[in-house]
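Q: Dropping a structure here in structure tokens format, bear with me for questions.
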Amino acid sequence: MAKDTARATTPARTTRRERKGLQQEAAVKAAFELAQRDGAAGLTMRRLGEELKVDATTLYRLFRDKDELLLAVYDHATAVELEEIGEVPEGEHWQDTLRRIADRIWATAVRSPAIAALTFARTTGGPAERRMVELILETFARSGLSREATVRYYRAFADATLGLAGQVAVLATLDPEIQAKDAASWTRIYAHLPDGEYPTARAHITELTGIDRRTIYDLVVEAVLAAAERESAESA
């Protein structure tokens with residue numbers, strides 16, 4: 001009887017699948033930190049192996065290829081977003097929930113540009129992405145939209161936020177000299193266009209040089225939310 005009790009209280013051995021899952025999780029976190037520190041060029045299987053003090057061939061037993069690793073890293077970034085978003089407070093307006101989601105998507109592009117630039121247009125299918133899809137769909141559904149409209153606005157919101165945030169991430173990964181050249185385009189080129197040929201562009205040059213990408217991002221998010229609100233009201 002005592003022997004049976006001892007057997008019942010002995011911790012179960014870690015299975016091979018569980019060990020692999022733990023190794024994958026460690027590799028993803030290390031890859032995330034490596035990309036944060038050294039950029040996209042630094043995220044190679046060889047460099048990651050050095051970080052983990054394992055041979056690169058070991059990583060290919062955890063991930064089919066680098067692309068699978070990249071998608072897992074992006075899913076990890078999405079998990080961070082979800083953690084920051086937290087639980088949706090009871091009574092929070094659906095638009096405010098989506099504003100908070102949009103803010104975290106932007107934050108990922110700003111603080112993790114190498115990762116966002118490589119994967120913003122991809123579908124990971126991972127657990128964090130599945131939770132994010134569910135959250136955004138559920139939030140639009142709370143507005144009273146039809147199922148067809150819920151999906152349409154989900155796609156508009158996701159494509160707009162990821163696309164615009166992805167642009168910022170891509171620009172941030174360019175060499176500083178190229179970034180500066182691109183940023184100066186309005187004053188370097190457009191401010192000196194012939195006034196007779198481009199009178200409207202010249203008339204708005206101060207405004208064109210003053211607007212920033214986050215302002216545009218927020219404007220597009222608000223446009224999607226306002227359109228969804230109008231359609232919801234019309235169908236009520």
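Following the order of the structure tokens, first chain is A, next is B, and so on, with residues numbered from 1 inside each chain and ligands from 1 in the order they appear.
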Please tabulate, as a tab-separated table, the residues of range 73-181 of chain A that come within 12 Å of range 16-39 of chain A, each with its closest pair of atoms and the distance in Å to one decimal, counting only C-alpha atoms and ordering rows by chain, then residue number upward.
A:
residue	atom	partner	partner_atom	distance
A:Val73	CA	A:Val28	CA	5.4
A:Tyr74	CA	A:Phe32	CA	8.3
A:Asp75	CA	A:Val28	CA	9.4
A:His76	CA	A:Val28	CA	7.4
A:Ala77	CA	A:Phe32	CA	8.1
A:Thr78	CA	A:Phe32	CA	11.7
A:Ala79	CA	A:Lys29	CA	11.6
A:Val80	CA	A:Lys29	CA	11.3
A:Thr108	CA	A:Gln36	CA	11.0
A:Ala109	CA	A:Gln36	CA	11.3
A:Val110	CA	A:Gln36	CA	10.9
A:Arg111	CA	A:Gln36	CA	7.9
A:Ser112	CA	A:Gln36	CA	6.0
A:Pro113	CA	A:Gln36	CA	7.9
A:Ala114	CA	A:Gly39	CA	5.2
A:Ile115	CA	A:Ala35	CA	6.7
A:Ala116	CA	A:Ala35	CA	10.3
A:Ala117	CA	A:Gly39	CA	10.1
A:Leu118	CA	A:Gly39	CA	10.4
A:Ala169	CA	A:Gly39	CA	11.2
A:Val170	CA	A:Gly39	CA	11.3
A:Ala172	CA	A:Gly39	CA	10.1
A:Thr173	CA	A:Gly39	CA	7.4
A:Leu174	CA	A:Gly39	CA	10.3
A:Asp175	CA	A:Gly39	CA	11.3
Q: Against range 142-145 of chain A, which residues of range 35-134 of chain A fall within 10 Å? For each one I want the closest pair of atoms and the distance in Å (one decimal), counting only C-alpha atoms, rows by chain and increasing residue number, as a Markdown table.
A:
| residue | atom | partner | partner_atom | distance |
| --- | --- | --- | --- | --- |
| A:His93 | CA | A:Ser143 | CA | 8.7 |
| A:Trp94 | CA | A:Ser143 | CA | 6.4 |
| A:Gln95 | CA | A:Ser143 | CA | 8.3 |
Q: Those same residues, written as a compact mmCIF listing (two decimals), in the first residue's frame with all heavy atoms?
A:
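Below is the file that was written, result-v8.txt:
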# COMPACT_ATOMS: atom_id res chain seq x y z
N HIS A 93 -16.01 50.03 -24.01
CA HIS A 93 -16.58 50.20 -25.35
C HIS A 93 -15.73 49.44 -26.36
O HIS A 93 -14.50 49.43 -26.27
CB HIS A 93 -16.64 51.68 -25.72
CG HIS A 93 -17.53 51.98 -26.89
ND1 HIS A 93 -17.13 51.79 -28.19
CD2 HIS A 93 -18.80 52.44 -26.95
CE1 HIS A 93 -18.11 52.13 -29.02
NE2 HIS A 93 -19.15 52.54 -28.29
N TRP A 94 -16.39 48.82 -27.34
CA TRP A 94 -15.66 47.98 -28.30
C TRP A 94 -14.61 48.77 -29.05
O TRP A 94 -13.54 48.26 -29.38
CB TRP A 94 -16.63 47.30 -29.26
CG TRP A 94 -17.46 48.21 -30.12
CD1 TRP A 94 -18.67 48.76 -29.83
CD2 TRP A 94 -17.12 48.69 -31.44
NE1 TRP A 94 -19.12 49.55 -30.87
CE2 TRP A 94 -18.20 49.52 -31.87
CE3 TRP A 94 -16.04 48.50 -32.28
CZ2 TRP A 94 -18.19 50.16 -33.11
CZ3 TRP A 94 -16.04 49.14 -33.53
CH2 TRP A 94 -17.10 49.95 -33.92
N GLN A 95 -14.90 50.05 -29.33
CA GLN A 95 -13.91 50.87 -30.04
C GLN A 95 -12.66 51.10 -29.18
O GLN A 95 -11.54 51.11 -29.71
CB GLN A 95 -14.52 52.20 -30.45
CG GLN A 95 -15.55 52.08 -31.57
CD GLN A 95 -16.12 53.42 -31.97
OE1 GLN A 95 -16.35 54.29 -31.12
NE2 GLN A 95 -16.35 53.61 -33.25
Q: Quick one: everything within 10 Å of Thr209 in chain A, counting only C-alpha atoms, minus sequence neighbours fewer than 4 positions away in the same chain. Send it as a ChimeraX atom specification.
A: /A:183-187,190-191,204-205
Q: Rank nothing, just name the residue among A:Leu71, A:Ala102, A:Ala149, A:Ala201 nearest to Leu219 in chain A, using only C-alpha atoms.
A: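 Nearest candidate to Leu219 in chain A out of A:Leu71, A:Ala102, A:Ala149, A:Ala201: A:Ala102.
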Q: May I have the residues within 10 Å of Glu81 in chain A as a list in words, using only C-alpha atoms and disregarding those fewer than 6 positions away in the same chain?
A: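 My list of contacting residues is Asp75, Arg100, Ile101, Ala102, Asp103, Arg104, Ile105, Trp106, Ala107, Thr108, Ala128 and Met132 of chain A.
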Q: Using only C-alpha atoms, which residue out of A:Gly166, A:Gly196, A:Leu82, A:Arg214 lies closest to Arg130 in chain A?
A: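 Of all the options, A:Leu82 lies closest to Arg130 in chain A.
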Q: Let me make sure I understand: among A:Ala160, A:Ala165, A:Ile136, A:Leu48, which one has the smallest atom-to-atom distance to Val221 in chain A if we use only C-alpha atoms?
A: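 Among the listed residues, A:Ala160 lies closest to Val221 in chain A.
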Q: Please report, as number ranges by chain, each residue of range 15-214 of chain A to which DSSP assigns alpha helix (DSSP H) when run on this structure's backbone.
A: A: 16-38, 45-52, 56-62, 66-85, 94-111, 113-119, 127-141, 147-172, 176-183, 185-188, 199-203, 205-210, 213-214
Q: For a test of reading the model, state the distance in Å between CA of Glu138 in chain A and CA of Thr124 in chain A, rounded to one decimal.
A: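 Distance between the two atoms: 19.7 Å.
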